[in-house]
Amino acid sequence: MIHYPEPLVPARLVKRYKRFLADAVLEDGTTVTAHCANSGAMLGCAPEGARIWLLPNTNPKAKLDWRWELVEVDDTLVGINTSRPNALVESAIKRGAIAELSGYNTLRREVAYGSGSRIDLLADGHPEHPQQPCYIEVKSVTLREGDAALFPDAVTARGTKHLNELADVVRQGHRAVMLYLVQRADCEIMSLAEQIDPAYVEAYHEARLAGVEAYAYGCSLTLEGIRVAGPLKIREPASYS
């Protein structure tokens, strides 16, 4: 589990704006502005008046005193901080919680590759494949529809580029994995939001045909921290199944 460095503080969301800012009211009535580390649309995760939890920012150089970490949606905690998943996945791989990525003895973050990109995690040193590194791209998922987690929640040209670059990695003889981390515990399946970004779904299909692996995992969330839980089946897009 990745524990929060300080106790989270409850609040009520006033509004999210300019993508990276959110106004909230603390329990004592004080209105504060928090950093929102999420560039997505956050569909369904930012309703006015929602219960949210903020992390005090202890960095003296930070412009804002608070970071938005959690929101309660339909009685479920949802992690909205997209800077968390890479560390969560790295920790899960090291403790053997992601079976498809077991056996690697070296994990490096933000390694340059492709066309000016950086891979989230580069795994090396697998005893059975010592000369074949594994390129792992991690995507944070918060949108839910019915029993399914959906990605993306907004058009993502960057995400499409990442899929194309992973496909190139496979063509070069390496292993590549797209891992969707669902930061909520109320989803039974993972699906792609074709109605939101058909170009991304097409790139996903082409990447899969090229040999890119895709996995989805859910999370267990509390007010103390987050950990990667069990796997979720990925429902392939209807137009490509």
# chains A, B, ... in the order shown; residues from 1 in each chain; ligands from 1
>>> closest_atom_pairs(of="range 113-152 of chain A", to="range 22-45 of chain A", cutoff="10 Å", atoms="only C-alpha atoms", output="Markdown table")
| residue | atom | partner | partner_atom | distance |
| --- | --- | --- | --- | --- |
| A:Ser140 | CA | A:Asn38 | CA | 9.3 |
| A:Val141 | CA | A:Met42 | CA | 9.4 |
| A:Thr142 | CA | A:Met42 | CA | 7.1 |
| A:Leu143 | CA | A:Leu43 | CA | 6.2 |
| A:Arg144 | CA | A:Gly44 | CA | 7.8 |
| A:Glu145 | CA | A:Gly44 | CA | 9.4 |
| A:Pro152 | CA | A:Gly40 | CA | 8.2 |
>>> residues_around(residues="range 68-79 of chain A", least_positions_apart="6", cutoff="6 Å", atoms="only C-alpha atoms", output="list in words")
Ala34, Cys36, Arg51, Ile52, Trp53, Leu54, Gln183 and Arg184 of chain A
>>> write_last_selection(atoms="N, CA, C and O atoms", output="PDB file, in the first residue's frame")
ATOM      1  N   ALA A  34      -7.108  23.984  -3.922  1.00  0.00           N
ATOM      2  CA  ALA A  34      -6.220  22.825  -3.923  1.00  0.00           C
ATOM      3  C   ALA A  34      -5.733  22.529  -5.332  1.00  0.00           C
ATOM      4  O   ALA A  34      -6.419  22.824  -6.324  1.00  0.00           O
ATOM      5  N   CYS A  36      -5.204  20.126  -8.323  1.00  0.00           N
ATOM      6  CA  CYS A  36      -5.876  18.942  -8.844  1.00  0.00           C
ATOM      7  C   CYS A  36      -4.951  18.285  -9.853  1.00  0.00           C
ATOM      8  O   CYS A  36      -4.828  18.745 -10.995  1.00  0.00           O
ATOM      9  N   ARG A  51     -18.202  15.060  -1.411  1.00  0.00           N
ATOM     10  CA  ARG A  51     -17.238  14.877  -0.328  1.00  0.00           C
ATOM     11  C   ARG A  51     -15.886  14.560  -0.950  1.00  0.00           C
ATOM     12  O   ARG A  51     -15.755  13.650  -1.767  1.00  0.00           O
ATOM     13  N   ILE A  52     -14.874  15.316  -0.565  1.00  0.00           N
ATOM     14  CA  ILE A  52     -13.528  15.076  -1.057  1.00  0.00           C
ATOM     15  C   ILE A  52     -12.562  15.102   0.113  1.00  0.00           C
ATOM     16  O   ILE A  52     -12.910  15.499   1.233  1.00  0.00           O
ATOM     17  N   TRP A  53     -11.331  14.642  -0.161  1.00  0.00           N
ATOM     18  CA  TRP A  53     -10.299  14.648   0.873  1.00  0.00           C
ATOM     19  C   TRP A  53      -9.036  15.283   0.302  1.00  0.00           C
ATOM     20  O   TRP A  53      -8.611  14.955  -0.818  1.00  0.00           O
ATOM     21  N   LEU A  54      -8.462  16.169   1.084  1.00  0.00           N
ATOM     22  CA  LEU A  54      -7.290  16.925   0.677  1.00  0.00           C
ATOM     23  C   LEU A  54      -6.076  16.516   1.489  1.00  0.00           C
ATOM     24  O   LEU A  54      -6.185  16.180   2.675  1.00  0.00           O
ATOM     25  N   GLN A 183      -8.667   3.475 -10.321  1.00  0.00           N
ATOM     26  CA  GLN A 183      -8.526   3.995  -8.961  1.00  0.00           C
ATOM     27  C   GLN A 183      -9.875   4.054  -8.236  1.00  0.00           C
ATOM     28  O   GLN A 183     -10.268   5.081  -7.691  1.00  0.00           O
ATOM     29  N   ARG A 184     -10.569   2.934  -8.253  1.00  0.00           N
ATOM     30  CA  ARG A 184     -11.819   2.772  -7.525  1.00  0.00           C
ATOM     31  C   ARG A 184     -12.086   1.270  -7.425  1.00  0.00           C
ATOM     32  O   ARG A 184     -11.535   0.486  -8.201  1.00  0.00           O
TER      33      ARG A 184
END
>>> residues_around(residues="Tyr104 in chain A", least_positions_apart="3", cutoff="6 Å", atoms="only C-alpha atoms", output="JSON, numbers by chain")
{"A": [124, 125, 126]}
>>> residues_around(residues="range 204-216 of chain A", least_positions_apart="6", cutoff="8 Å", atoms="only C-alpha atoms", output="JSON list (two decimals) with C-alpha atoms, in the first residue's frame")
[["chain", "number", "residue", "atom", "x", "y", "z"],
["A", 160, "THR", "CA", -2.86, 7.59, -28.80],
["A", 163, "LEU", "CA", -0.03, 3.28, -28.01],
["A", 164, "ASN", "CA", 1.67, 3.84, -31.35],
["A", 166, "LEU", "CA", 4.43, 0.82, -27.71],
["A", 167, "ALA", "CA", 3.60, -0.90, -30.98],
["A", 170, "VAL", "CA", 7.24, -4.55, -30.03],
["A", 171, "ARG", "CA", 8.30, -4.33, -33.67],
["A", 175, "ARG", "CA", 7.95, -6.44, -24.79],
["A", 176, "ALA", "CA", 5.36, -3.68, -24.29],
["A", 177, "VAL", "CA", 2.46, -3.50, -21.83],
["A", 178, "MET", "CA", -0.42, -1.06, -21.49],
["A", 179, "LEU", "CA", -1.65, -1.23, -17.90],
["A", 180, "TYR", "CA", -4.89, 0.48, -16.89],
["A", 181, "LEU", "CA", -5.09, 1.20, -13.16],
["A", 182, "VAL", "CA", -8.66, 1.74, -12.02],
["A", 190, "MET", "CA", -12.56, -2.51, -17.92],
["A", 231, "PRO", "CA", -7.14, -7.86, -12.10],
["A", 232, "LEU", "CA", -10.09, -6.77, -14.22],
["A", 233, "LYS", "CA", -11.01, -8.30, -17.56],
["A", 234, "ILE", "CA", -10.72, -5.88, -20.48],
["A", 240, "TYR", "CA", -13.01, -4.73, -33.25]]
>>> select_by_dssp(residues="range 25-139 of chain A", states="helix (DSSP H, G or I)", output="list in words")
Pro85, Asn86, Ala87, Leu88, Val89, Glu90, Ser91, Ala92, Ile93, Lys94, Ala99, Glu100 and Leu101 of chain A
>>> write_last_selection(atoms="N, CA, C and O atoms", output="PDB file, in the first residue's frame")
ATOM      1  N   PRO A  85      -0.466   6.564  -9.755  1.00  0.00           N
ATOM      2  CA  PRO A  85      -0.446   5.212 -10.333  1.00  0.00           C
ATOM      3  C   PRO A  85       0.931   4.630 -10.638  1.00  0.00           C
ATOM      4  O   PRO A  85       1.132   3.425 -10.450  1.00  0.00           O
ATOM      5  N   ASN A  86       1.880   5.424 -11.112  1.00  0.00           N
ATOM      6  CA  ASN A  86       3.192   4.844 -11.432  1.00  0.00           C
ATOM      7  C   ASN A  86       3.844   4.222 -10.208  1.00  0.00           C
ATOM      8  O   ASN A  86       4.381   3.106 -10.264  1.00  0.00           O
ATOM      9  N   ALA A  87       3.795   4.930  -9.080  1.00  0.00           N
ATOM     10  CA  ALA A  87       4.375   4.393  -7.848  1.00  0.00           C
ATOM     11  C   ALA A  87       3.584   3.185  -7.362  1.00  0.00           C
ATOM     12  O   ALA A  87       4.155   2.212  -6.852  1.00  0.00           O
ATOM     13  N   LEU A  88       2.260   3.234  -7.514  1.00  0.00           N
ATOM     14  CA  LEU A  88       1.425   2.106  -7.099  1.00  0.00           C
ATOM     15  C   LEU A  88       1.750   0.851  -7.902  1.00  0.00           C
ATOM     16  O   LEU A  88       1.891  -0.243  -7.343  1.00  0.00           O
ATOM     17  N   VAL A  89       1.881   1.008  -9.213  1.00  0.00           N
ATOM     18  CA  VAL A  89       2.185  -0.141 -10.062  1.00  0.00           C
ATOM     19  C   VAL A  89       3.592  -0.656  -9.792  1.00  0.00           C
ATOM     20  O   VAL A  89       3.822  -1.871  -9.716  1.00  0.00           O
ATOM     21  N   GLU A  90       4.540   0.243  -9.617  1.00  0.00           N
ATOM     22  CA  GLU A  90       5.907  -0.183  -9.306  1.00  0.00           C
ATOM     23  C   GLU A  90       5.935  -1.004  -8.020  1.00  0.00           C
ATOM     24  O   GLU A  90       6.557  -2.074  -7.951  1.00  0.00           O
ATOM     25  N   SER A  91       5.239  -0.512  -6.982  1.00  0.00           N
ATOM     26  CA  SER A  91       5.185  -1.229  -5.719  1.00  0.00           C
ATOM     27  C   SER A  91       4.517  -2.586  -5.880  1.00  0.00           C
ATOM     28  O   SER A  91       4.971  -3.596  -5.320  1.00  0.00           O
ATOM     29  N   ALA A  92       3.440  -2.630  -6.668  1.00  0.00           N
ATOM     30  CA  ALA A  92       2.714  -3.884  -6.873  1.00  0.00           C
ATOM     31  C   ALA A  92       3.561  -4.907  -7.621  1.00  0.00           C
ATOM     32  O   ALA A  92       3.535  -6.102  -7.304  1.00  0.00           O
ATOM     33  N   ILE A  93       4.328  -4.461  -8.605  1.00  0.00           N
ATOM     34  CA  ILE A  93       5.202  -5.380  -9.342  1.00  0.00           C
ATOM     35  C   ILE A  93       6.251  -5.962  -8.403  1.00  0.00           C
ATOM     36  O   ILE A  93       6.528  -7.169  -8.414  1.00  0.00           O
ATOM     37  N   LYS A  94       6.820  -5.122  -7.561  1.00  0.00           N
ATOM     38  CA  LYS A  94       7.869  -5.576  -6.648  1.00  0.00           C
ATOM     39  C   LYS A  94       7.356  -6.590  -5.635  1.00  0.00           C
ATOM     40  O   LYS A  94       8.100  -7.490  -5.226  1.00  0.00           O
ATOM     41  N   ALA A  99       0.695 -10.466 -11.663  1.00  0.00           N
ATOM     42  CA  ALA A  99       1.269 -11.740 -12.101  1.00  0.00           C
ATOM     43  C   ALA A  99       1.921 -11.640 -13.475  1.00  0.00           C
ATOM     44  O   ALA A  99       2.964 -12.262 -13.727  1.00  0.00           O
ATOM     45  N   GLU A 100       1.319 -10.855 -14.366  1.00  0.00           N
ATOM     46  CA  GLU A 100       1.822 -10.770 -15.736  1.00  0.00           C
ATOM     47  C   GLU A 100       3.176 -10.061 -15.816  1.00  0.00           C
ATOM     48  O   GLU A 100       3.859 -10.127 -16.849  1.00  0.00           O
ATOM     49  N   LEU A 101       3.572  -9.389 -14.749  1.00  0.00           N
ATOM     50  CA  LEU A 101       4.830  -8.642 -14.762  1.00  0.00           C
ATOM     51  C   LEU A 101       5.790  -9.120 -13.674  1.00  0.00           C
ATOM     52  O   LEU A 101       6.664  -8.373 -13.232  1.00  0.00           O
TER      53      LEU A 101
END
